[in-house]
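Shown next: input.csv, containing CSV, N, CA and C atoms.
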chain,number,residue,atom,x,y,z
A,1,MET,N,49.9,8.5,-40.4
A,1,MET,CA,48.9,7.5,-40.7
A,1,MET,C,47.5,8.1,-40.2
A,2,ILE,N,46.5,8.0,-40.9
A,2,ILE,CA,45.2,8.4,-40.5
A,2,ILE,C,44.3,7.1,-40.3
A,3,ILE,N,43.6,7.1,-39.2
A,3,ILE,CA,42.7,6.0,-38.8
A,3,ILE,C,41.3,6.5,-38.9
A,4,ILE,N,40.5,5.8,-39.7
A,4,ILE,CA,39.1,6.1,-39.8
A,4,ILE,C,38.3,5.0,-39.1
A,5,THR,N,37.8,5.4,-37.9
A,5,THR,CA,37.1,4.4,-37.1
A,5,THR,C,35.7,4.2,-37.7
A,6,LYS,N,35.1,3.1,-37.4
A,6,LYS,CA,33.7,2.7,-37.8
A,6,LYS,C,32.7,3.9,-37.5
A,7,SER,N,32.8,4.4,-36.3
A,7,SER,CA,31.9,5.4,-35.9
A,7,SER,C,32.1,6.7,-36.6
A,8,PHE,N,33.4,7.1,-36.9
A,8,PHE,CA,33.6,8.3,-37.7
A,8,PHE,C,33.2,8.1,-39.1
A,9,GLY,N,33.4,6.9,-39.7
A,9,GLY,CA,32.9,6.6,-41.0
A,9,GLY,C,31.4,6.8,-41.2
A,10,LYS,N,30.7,6.5,-40.2
A,10,LYS,CA,29.2,6.7,-40.2
A,10,LYS,C,28.9,8.2,-40.2
A,11,GLN,N,29.7,9.0,-39.5
A,11,GLN,CA,29.5,10.4,-39.4
A,11,GLN,C,29.8,11.0,-40.8
A,12,LEU,N,30.8,10.5,-41.5
A,12,LEU,CA,31.2,11.1,-42.8
A,12,LEU,C,30.1,10.8,-43.8
A,13,LYS,N,29.5,9.6,-43.7
A,13,LYS,CA,28.4,9.3,-44.7
A,13,LYS,C,27.2,10.3,-44.5
A,14,ASN,N,26.9,10.6,-43.2
A,14,ASN,CA,25.8,11.5,-42.9
A,14,ASN,C,26.0,12.9,-43.4
A,15,ILE,N,27.2,13.4,-43.4
A,15,ILE,CA,27.4,14.8,-43.8
A,15,ILE,C,27.9,14.9,-45.2
A,16,LYS,N,28.3,13.8,-45.8
A,16,LYS,CA,28.7,13.8,-47.2
A,16,LYS,C,30.0,14.7,-47.5
A,17,ILE,N,31.0,14.4,-46.7
A,17,ILE,CA,32.3,15.0,-46.9
A,17,ILE,C,33.2,13.9,-47.3
A,18,SER,N,34.0,14.1,-48.4
A,18,SER,CA,34.9,13.0,-48.9
A,18,SER,C,36.1,12.8,-48.0
A,19,LEU,N,36.6,11.6,-48.1
A,19,LEU,CA,37.8,11.2,-47.3
A,19,LEU,C,39.0,12.0,-47.8
A,20,ASP,N,39.0,12.3,-49.1
A,20,ASP,CA,40.1,13.1,-49.7
A,20,ASP,C,40.2,14.5,-49.0
A,21,GLU,N,39.0,15.1,-48.7
A,21,GLU,CA,39.0,16.4,-48.1
A,21,GLU,C,39.5,16.3,-46.6
A,22,ILE,N,39.1,15.2,-46.0
A,22,ILE,CA,39.6,14.9,-44.6
A,22,ILE,C,41.1,14.8,-44.6
A,23,LYS,N,41.6,14.0,-45.5
A,23,LYS,CA,43.1,13.7,-45.6
A,23,LYS,C,43.8,15.0,-45.9
A,24,ARG,N,43.3,15.8,-46.8
A,24,ARG,CA,44.0,17.1,-47.2
A,24,ARG,C,44.1,18.0,-46.0
A,25,ASP,N,43.0,18.2,-45.3
A,25,ASP,CA,42.9,19.1,-44.2
A,25,ASP,C,43.7,18.7,-43.0
A,26,LEU,N,43.7,17.4,-42.8
A,26,LEU,CA,44.6,16.8,-41.7
A,26,LEU,C,46.0,17.0,-42.0
A,27,LYS,N,46.4,16.8,-43.3
A,27,LYS,CA,47.8,17.0,-43.7
A,27,LYS,C,48.2,18.4,-43.6
A,28,ARG,N,47.3,19.3,-44.0
A,28,ARG,CA,47.6,20.8,-43.9
A,28,ARG,C,47.8,21.2,-42.5
A,29,THR,N,47.0,20.7,-41.6
A,29,THR,CA,47.1,21.2,-40.2
A,29,THR,C,48.3,20.5,-39.5
A,30,PHE,N,48.4,19.2,-39.5
A,30,PHE,CA,49.4,18.6,-38.7
A,30,PHE,C,50.8,18.4,-39.3
A,31,ASN,N,50.9,18.3,-40.6
A,31,ASN,CA,52.2,18.1,-41.2
A,31,ASN,C,52.8,19.4,-41.5
A,32,LYS,N,52.0,20.4,-41.9
A,32,LYS,CA,52.6,21.7,-42.3
A,32,LYS,C,52.4,22.7,-41.2
A,33,ASN,N,51.7,22.4,-40.2
A,33,ASN,CA,51.4,23.3,-39.1
A,33,ASN,C,50.8,24.6,-39.6
A,34,ILE,N,49.9,24.5,-40.5
A,34,ILE,CA,49.1,25.6,-41.1
A,34,ILE,C,47.7,25.6,-40.4
A,35,PHE,N,47.5,26.6,-39.6
A,35,PHE,CA,46.2,26.7,-39.0
A,35,PHE,C,45.5,27.9,-39.7
A,36,ARG,N,44.3,27.6,-40.2
A,36,ARG,CA,43.5,28.7,-40.8
A,36,ARG,C,42.6,29.3,-39.8
A,37,ARG,N,42.0,30.4,-40.1
A,37,ARG,CA,41.1,31.1,-39.2
A,37,ARG,C,40.0,30.1,-38.8
A,38,GLY,N,39.8,29.9,-37.6
A,38,GLY,CA,38.8,29.0,-37.1
A,38,GLY,C,39.3,27.6,-36.7
A,39,ASP,N,40.6,27.3,-37.0
A,39,ASP,CA,41.3,26.1,-36.5
A,39,ASP,C,41.8,26.5,-35.1
A,40,ALA,N,41.8,25.4,-34.3
A,40,ALA,CA,42.3,25.7,-32.9
A,40,ALA,C,42.7,24.4,-32.3
A,41,LEU,N,43.8,24.5,-31.5
A,41,LEU,CA,44.1,23.4,-30.6
A,41,LEU,C,43.1,23.5,-29.4
A,42,ILE,N,42.7,22.3,-28.9
A,42,ILE,CA,41.7,22.3,-27.8
A,42,ILE,C,42.4,21.5,-26.7
A,43,SER,N,42.0,21.9,-25.5
A,43,SER,CA,42.5,21.2,-24.3
A,43,SER,C,42.2,19.7,-24.4
A,44,ASN,N,43.2,18.9,-24.0
A,44,ASN,CA,43.0,17.4,-24.0
A,44,ASN,C,42.9,16.9,-22.6
A,45,SER,N,42.6,17.7,-21.7
A,45,SER,CA,42.6,17.3,-20.3
A,45,SER,C,41.5,16.3,-19.9
A,46,PHE,N,40.5,16.2,-20.8
A,46,PHE,CA,39.4,15.2,-20.5
A,46,PHE,C,39.6,13.9,-21.3
A,47,ILE,N,40.7,13.7,-21.9
A,47,ILE,CA,41.0,12.5,-22.7
A,47,ILE,C,41.9,11.6,-21.9
A,48,PRO,N,41.5,10.3,-21.8
A,48,PRO,CA,42.3,9.4,-21.0
A,48,PRO,C,43.6,8.9,-21.7
A,49,LEU,N,44.2,9.7,-22.4
A,49,LEU,CA,45.5,9.3,-23.2
A,49,LEU,C,46.6,10.3,-22.9
A,50,LYS,N,47.8,9.9,-22.9
A,50,LYS,CA,48.9,10.8,-22.9
A,50,LYS,C,49.4,11.0,-24.3
A,51,ASN,N,50.2,12.0,-24.5
A,51,ASN,CA,50.9,12.3,-25.8
A,51,ASN,C,49.9,12.4,-26.9
A,52,CYS,N,48.9,13.3,-26.7
A,52,CYS,CA,48.0,13.5,-27.8
A,52,CYS,C,47.6,15.0,-27.8
A,53,LEU,N,47.1,15.4,-29.0
A,53,LEU,CA,46.6,16.7,-29.2
A,53,LEU,C,45.2,16.6,-29.7
A,54,VAL,N,44.3,17.5,-29.4
A,54,VAL,CA,43.0,17.6,-30.0
A,54,VAL,C,42.9,18.9,-30.7
A,55,ALA,N,42.5,18.9,-32.0
A,55,ALA,CA,42.4,20.1,-32.7
A,55,ALA,C,41.1,20.2,-33.4
A,56,LYS,N,40.5,21.4,-33.5
A,56,LYS,CA,39.3,21.7,-34.3
A,56,LYS,C,39.8,22.3,-35.6
A,57,ILE,N,39.5,21.6,-36.7
A,57,ILE,CA,39.9,22.1,-38.0
A,57,ILE,C,38.7,22.2,-38.9
A,58,ARG,N,38.8,23.1,-39.8
A,58,ARG,CA,37.7,23.2,-40.8
A,58,ARG,C,38.0,22.4,-42.0
A,59,VAL,N,37.1,21.7,-42.5
A,59,VAL,CA,37.3,20.8,-43.6
A,59,VAL,C,36.2,21.0,-44.7
A,60,GLY,N,36.6,20.5,-45.9
A,60,GLY,CA,35.6,20.5,-47.0
A,60,GLY,C,35.7,21.8,-47.8
A,61,TYR,N,35.0,21.8,-48.9
A,61,TYR,CA,34.9,22.9,-49.8
A,61,TYR,C,34.3,24.1,-49.1
A,62,LYS,N,35.0,25.2,-49.1
A,62,LYS,CA,34.6,26.4,-48.4
A,62,LYS,C,34.3,26.2,-47.0
A,63,ASN,N,35.2,25.4,-46.3
A,63,ASN,CA,35.1,25.1,-44.9
A,63,ASN,C,33.7,24.7,-44.4
A,64,GLN,N,33.1,23.8,-45.2
A,64,GLN,CA,31.7,23.5,-44.9
A,64,GLN,C,31.4,22.7,-43.6
A,65,ALA,N,32.5,22.2,-43.0
A,65,ALA,CA,32.3,21.4,-41.7
A,65,ALA,C,33.4,21.7,-40.8
A,66,ARG,N,33.1,21.4,-39.5
A,66,ARG,CA,34.2,21.5,-38.5
A,66,ARG,C,34.4,20.1,-38.0
A,67,MET,N,35.7,19.8,-37.8
A,67,MET,CA,36.0,18.4,-37.4
A,67,MET,C,37.0,18.5,-36.2
A,68,LEU,N,36.8,17.6,-35.3
A,68,LEU,CA,37.7,17.4,-34.2
A,68,LEU,C,38.6,16.2,-34.5
A,69,ALA,N,39.9,16.4,-34.4
A,69,ALA,CA,40.8,15.3,-34.7
A,69,ALA,C,41.7,15.0,-33.5
A,70,LEU,N,41.9,13.8,-33.1
A,70,LEU,CA,42.8,13.4,-32.1
A,70,LEU,C,44.1,13.0,-32.7
A,71,PHE,N,45.2,13.6,-32.3
A,71,PHE,CA,46.5,13.4,-32.9
A,71,PHE,C,47.4,12.7,-31.9
A,72,LEU,N,47.7,11.5,-32.0
A,72,LEU,CA,48.6,10.8,-31.1
A,72,LEU,C,50.0,11.0,-31.5
A,73,ILE,N,50.7,11.7,-30.7
A,73,ILE,CA,52.1,12.2,-31.1
A,73,ILE,C,53.1,11.0,-31.2
A,74,VAL,N,53.0,10.0,-30.3
A,74,VAL,CA,53.9,9.0,-30.2
A,74,VAL,C,54.1,8.2,-31.5
A,75,ASN,N,53.0,7.8,-32.1
A,75,ASN,CA,53.0,7.0,-33.3
A,75,ASN,C,52.6,7.7,-34.6
A,76,ASN,N,52.5,9.0,-34.5
A,76,ASN,CA,52.1,9.9,-35.6
A,76,ASN,C,50.7,9.4,-36.2
A,77,ILE,N,49.8,9.0,-35.3
A,77,ILE,CA,48.5,8.5,-35.7
A,77,ILE,C,47.5,9.6,-35.6
A,78,LYS,N,46.7,9.9,-36.6
A,78,LYS,CA,45.7,10.9,-36.6
A,78,LYS,C,44.3,10.1,-36.6
A,79,ILE,N,43.5,10.4,-35.6
A,79,ILE,CA,42.2,9.8,-35.5
A,79,ILE,C,41.1,10.8,-35.5
A,80,PRO,N,40.5,11.2,-36.6
A,80,PRO,CA,39.3,12.1,-36.5
A,80,PRO,C,38.2,11.4,-35.8
A,81,PHE,N,37.5,12.1,-34.9
A,81,PHE,CA,36.5,11.4,-34.1
A,81,PHE,C,35.2,12.1,-34.1
A,82,PHE,N,35.1,13.3,-34.6
A,82,PHE,CA,33.8,14.1,-34.6
A,82,PHE,C,33.8,15.0,-35.7
A,83,ILE,N,32.7,15.1,-36.4
A,83,ILE,CA,32.6,16.0,-37.5
A,83,ILE,C,31.1,16.5,-37.6
A,84,ALA,N,31.0,17.8,-37.8
A,84,ALA,CA,29.6,18.4,-37.9
A,84,ALA,C,29.6,19.5,-39.0
A,85,ARG,N,28.6,19.6,-39.7
A,85,ARG,CA,28.4,20.7,-40.7
A,85,ARG,C,28.4,22.0,-39.9
A,86,LYS,N,28.9,23.0,-40.6
A,86,LYS,CA,28.9,24.3,-40.1
A,86,LYS,C,27.5,24.8,-39.7
A,87,ASN,N,26.5,24.5,-40.5
A,87,ASN,CA,25.2,25.0,-40.2
A,87,ASN,C,24.3,24.0,-39.4
A,88,ASP,N,24.9,23.0,-38.9
A,88,ASP,CA,24.2,22.0,-38.0
A,88,ASP,C,23.8,22.7,-36.8
A,89,LYS,N,22.5,22.8,-36.5
A,89,LYS,CA,22.0,23.6,-35.4
A,89,LYS,C,22.4,23.0,-34.0
A,90,LYS,N,22.6,21.7,-33.9
A,90,LYS,CA,23.0,21.1,-32.6
A,90,LYS,C,24.4,21.4,-32.2
A,91,SER,N,25.3,21.2,-33.2
A,91,SER,CA,26.8,21.2,-32.8
A,91,SER,C,27.6,22.0,-33.8
A,92,GLY,N,27.2,22.2,-35.0
A,92,GLY,CA,28.1,22.8,-36.0
A,92,GLY,C,28.5,24.2,-35.7
A,93,ALA,N,27.7,25.0,-35.1
A,93,ALA,CA,28.0,26.4,-34.8
A,93,ALA,C,29.1,26.5,-33.7
A,94,ASN,N,29.1,25.6,-32.8
A,94,ASN,CA,30.0,25.7,-31.6
A,94,ASN,C,30.7,24.4,-31.2
A,95,VAL,N,31.6,24.0,-32.0
A,95,VAL,CA,32.4,22.8,-31.7
A,95,VAL,C,33.5,23.2,-30.7
A,96,SER,N,33.2,23.2,-29.4
A,96,SER,CA,34.1,23.6,-28.4
A,96,SER,C,33.8,22.8,-27.2
A,97,LEU,N,34.5,23.2,-26.1
A,97,LEU,CA,34.4,22.4,-24.8
A,97,LEU,C,33.4,23.1,-23.9
A,98,LYS,N,32.4,23.8,-24.4
A,98,LYS,CA,31.5,24.5,-23.6
A,98,LYS,C,30.1,23.8,-23.7
A,99,ASN,N,29.3,24.0,-22.7
A,99,ASN,CA,27.9,23.5,-22.6
A,99,ASN,C,27.9,22.0,-22.8
A,100,GLU,N,26.9,21.5,-23.5
A,100,GLU,CA,26.7,20.1,-23.7
A,100,GLU,C,27.6,19.5,-24.7
A,101,MET,N,28.4,20.3,-25.5
A,101,MET,CA,29.3,19.7,-26.4
A,101,MET,C,30.4,19.0,-25.8
A,102,LYS,N,30.8,19.4,-24.6
A,102,LYS,CA,31.9,18.6,-23.9
A,102,LYS,C,31.5,17.2,-23.7
A,103,LYS,N,30.3,16.9,-23.3
A,103,LYS,CA,29.8,15.6,-23.1
A,103,LYS,C,29.8,14.8,-24.4
A,104,THR,N,29.3,15.5,-25.4
A,104,THR,CA,29.2,14.8,-26.8
A,104,THR,C,30.6,14.5,-27.3
A,105,ILE,N,31.5,15.4,-27.1
A,105,ILE,CA,32.9,15.2,-27.6
A,105,ILE,C,33.5,14.0,-26.8
A,106,LYS,N,33.3,14.0,-25.5
A,106,LYS,CA,33.9,13.0,-24.7
A,106,LYS,C,33.3,11.6,-25.1
A,107,ASN,N,32.0,11.6,-25.3
A,107,ASN,CA,31.4,10.3,-25.8
A,107,ASN,C,32.0,9.8,-27.1
A,108,GLN,N,32.1,10.8,-28.1
A,108,GLN,CA,32.7,10.4,-29.4
A,108,GLN,C,34.1,9.9,-29.3
A,109,ILE,N,34.9,10.5,-28.4
A,109,ILE,CA,36.3,10.1,-28.2
A,109,ILE,C,36.3,8.6,-27.7
A,110,GLU,N,35.4,8.4,-26.7
A,110,GLU,CA,35.4,7.0,-26.1
A,110,GLU,C,34.9,6.0,-27.2
A,111,ILE,N,33.9,6.3,-28.0
A,111,ILE,CA,33.5,5.4,-29.0
A,111,ILE,C,34.6,5.2,-30.0
A,112,SER,N,35.3,6.2,-30.5
A,112,SER,CA,36.3,6.1,-31.4
A,112,SER,C,37.5,5.2,-30.9
A,113,LEU,N,37.9,5.5,-29.6
A,113,LEU,CA,38.9,4.7,-29.0
A,113,LEU,C,38.5,3.2,-28.9
A,114,LYS,N,37.3,3.0,-28.5
A,114,LYS,CA,36.8,1.6,-28.5
A,114,LYS,C,36.9,0.9,-29.8
A,115,ASP,N,36.4,1.6,-30.9
A,115,ASP,CA,36.5,1.1,-32.2
A,115,ASP,C,38.0,0.8,-32.6
A,116,PHE,N,38.9,1.7,-32.2
A,116,PHE,CA,40.3,1.6,-32.5
A,116,PHE,C,40.8,0.3,-31.8
A,117,ASN,N,40.5,0.2,-30.5
A,117,ASN,CA,41.0,-0.9,-29.7
A,117,ASN,C,40.5,-2.3,-30.2
A,118,ASN,N,39.2,-2.2,-30.7
A,118,ASN,CA,38.6,-3.5,-31.2
A,118,ASN,C,39.0,-3.8,-32.7
A,119,GLY,N,39.8,-2.9,-33.3
A,119,GLY,CA,40.2,-3.2,-34.7
A,119,GLY,C,39.1,-2.8,-35.7
A,120,ASP,N,38.1,-2.0,-35.3
A,120,ASP,CA,37.0,-1.6,-36.2
A,120,ASP,C,37.4,-0.2,-36.8
A,121,TYR,N,38.5,-0.3,-37.6
A,121,TYR,CA,38.9,0.9,-38.3
A,121,TYR,C,39.6,0.6,-39.6
A,122,GLU,N,39.8,1.6,-40.4
A,122,GLU,CA,40.5,1.5,-41.7
A,122,GLU,C,41.7,2.5,-41.6
A,123,GLU,N,42.9,1.9,-42.0
A,123,GLU,CA,44.1,2.8,-42.1
A,123,GLU,C,44.1,3.5,-43.5
A,124,ILE,N,44.3,4.7,-43.4
A,124,ILE,CA,44.4,5.5,-44.7
A,124,ILE,C,45.9,6.0,-44.8
A,125,LYS,N,46.5,5.6,-45.9
A,125,LYS,CA,47.9,6.0,-46.1
A,125,LYS,C,47.8,7.4,-46.7
A,126,LYS,N,48.8,8.2,-46.5
A,126,LYS,CA,48.9,9.6,-46.9
A,126,LYS,C,48.9,9.7,-48.4
Would you put the structure from the file into structure tokens?
Amino acid sequence: MIIITKSFGKQLKNIKISLDEIKRDLKRTFNKNIFRRGDALISNSFIPLKNCLVAKIRVGYKNQARMLALFLIVNNIKIPFFIARKNDKKSGANVSLKNEMKKTIKNQIEISLKDFNNGDYEEIKK
């Protein structure tokens, strides 16, 4: 199951990537375990949850964006929480746990988890 939180939905509108592209690339990465060049598992040590993975995956036509997805293993729930265009000067070039991005990523996770806990999300069936 894919959960699109209110905060992630706003990010999608800003960068104009379709939900179908998000679903396709999440399915490719997590269900088929196919990682393309540029996809990577990221340390989840800064996330206040157990049984989860964080992955950076490329999404969209010609990999036009990078997305971080939180994958809760226990319930097979996928919660994308951050997306940036590849050519975004602030974060698109380096979606990683270095520099100021770690703080941005941590904030986005907290916002997405808050949305999830408050019921401000939409369930997307596969």
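Interatomic distance, CA of Glu122 in chain A to CA of Arg85 in chain A: 22.7 Å.
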How many Å separate atom N of Leu26 in chain A from atom N of Pro48 in chain A? 22.3 Å
Given the choices A:Ala40, A:Ile105, A:Leu53, A:Ile17, which gets closest to Ala65 in chain A if the distance is worked out from only C-alpha atoms?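 Between A:Ala40, A:Ile105, A:Leu53, A:Ile17, the residue approaching Ala65 in chain A most closely is A:Ile17.
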Grab the CA of Phe71 in chain A to CA of Ile2 in chain A distance for me, in Å with one decimal place.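 Spanning CA of Phe71 in chain A to CA of Ile2 in chain A is a straight-line distance of 9.2 Å.
Among A:Lys125, A:Lys50, A:Phe81, A:Gln11, the residue with the shortest atom-to-atom distance to Ser112 in chain A, counting only N, CA and C atoms, is A:Phe81.
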Using all atoms listed in the file, which residues sit within 8 Å of Lys6 in chain A once same-chain residues fewer than 6 positions away are excluded, as a PyMOL selection string? chain A and resi 12+111-112+115-116+119-122
Using all atoms listed in the file, which residue out of A:Leu49, A:Leu41, A:Val54, A:Ile83 lies closest to Ala69 in chain A?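 Among the listed residues, A:Val54 lies closest to Ala69 in chain A.
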Point out the residue among A:Ser18, A:Lys86, A:Met101, A:Gly9 with the least atom-to-atom distance to Arg66 in chain A, counting all atoms listed in the file. A:Lys86
Would you pick out the contacts of range 74-80 of chain A at 6.5 Å or less, using all atoms listed in the file, so that residues sharing its chain but fewer than 3 positions from it are not included, and give the list as a ChimeraX atom specification? /A:1-5,8,51-52,68-71
Just N, CA and C atoms for this one: save the residues we selected as a PDB file, in the coordinates of the input.
ATOM      1  N   MET A   1      49.900   8.500 -40.400  1.00  0.00           N
ATOM      2  CA  MET A   1      48.900   7.500 -40.700  1.00  0.00           C
ATOM      3  C   MET A   1      47.500   8.100 -40.200  1.00  0.00           C
ATOM      4  N   ILE A   2      46.500   8.000 -40.900  1.00  0.00           N
ATOM      5  CA  ILE A   2      45.200   8.400 -40.500  1.00  0.00           C
ATOM      6  C   ILE A   2      44.300   7.100 -40.300  1.00  0.00           C
ATOM      7  N   ILE A   3      43.600   7.100 -39.200  1.00  0.00           N
ATOM      8  CA  ILE A   3      42.700   6.000 -38.800  1.00  0.00           C
ATOM      9  C   ILE A   3      41.300   6.500 -38.900  1.00  0.00           C
ATOM     10  N   ILE A   4      40.500   5.800 -39.700  1.00  0.00           N
ATOM     11  CA  ILE A   4      39.100   6.100 -39.800  1.00  0.00           C
ATOM     12  C   ILE A   4      38.300   5.000 -39.100  1.00  0.00           C
ATOM     13  N   THR A   5      37.800   5.400 -37.900  1.00  0.00           N
ATOM     14  CA  THR A   5      37.100   4.400 -37.100  1.00  0.00           C
ATOM     15  C   THR A   5      35.700   4.200 -37.700  1.00  0.00           C
ATOM     16  N   PHE A   8      33.400   7.100 -36.900  1.00  0.00           N
ATOM     17  CA  PHE A   8      33.600   8.300 -37.700  1.00  0.00           C
ATOM     18  C   PHE A   8      33.200   8.100 -39.100  1.00  0.00           C
ATOM     19  N   ASN A  51      50.200  12.000 -24.500  1.00  0.00           N
ATOM     20  CA  ASN A  51      50.900  12.300 -25.800  1.00  0.00           C
ATOM     21  C   ASN A  51      49.900  12.400 -26.900  1.00  0.00           C
ATOM     22  N   CYS A  52      48.900  13.300 -26.700  1.00  0.00           N
ATOM     23  CA  CYS A  52      48.000  13.500 -27.800  1.00  0.00           C
ATOM     24  C   CYS A  52      47.600  15.000 -27.800  1.00  0.00           C
ATOM     25  N   LEU A  68      36.800  17.600 -35.300  1.00  0.00           N
ATOM     26  CA  LEU A  68      37.700  17.400 -34.200  1.00  0.00           C
ATOM     27  C   LEU A  68      38.600  16.200 -34.500  1.00  0.00           C
ATOM     28  N   ALA A  69      39.900  16.400 -34.400  1.00  0.00           N
ATOM     29  CA  ALA A  69      40.800  15.300 -34.700  1.00  0.00           C
ATOM     30  C   ALA A  69      41.700  15.000 -33.500  1.00  0.00           C
ATOM     31  N   LEU A  70      41.900  13.800 -33.100  1.00  0.00           N
ATOM     32  CA  LEU A  70      42.800  13.400 -32.100  1.00  0.00           C
ATOM     33  C   LEU A  70      44.100  13.000 -32.700  1.00  0.00           C
ATOM     34  N   PHE A  71      45.200  13.600 -32.300  1.00  0.00           N
ATOM     35  CA  PHE A  71      46.500  13.400 -32.900  1.00  0.00           C
ATOM     36  C   PHE A  71      47.400  12.700 -31.900  1.00  0.00           C
TER      37      PHE A  71
END
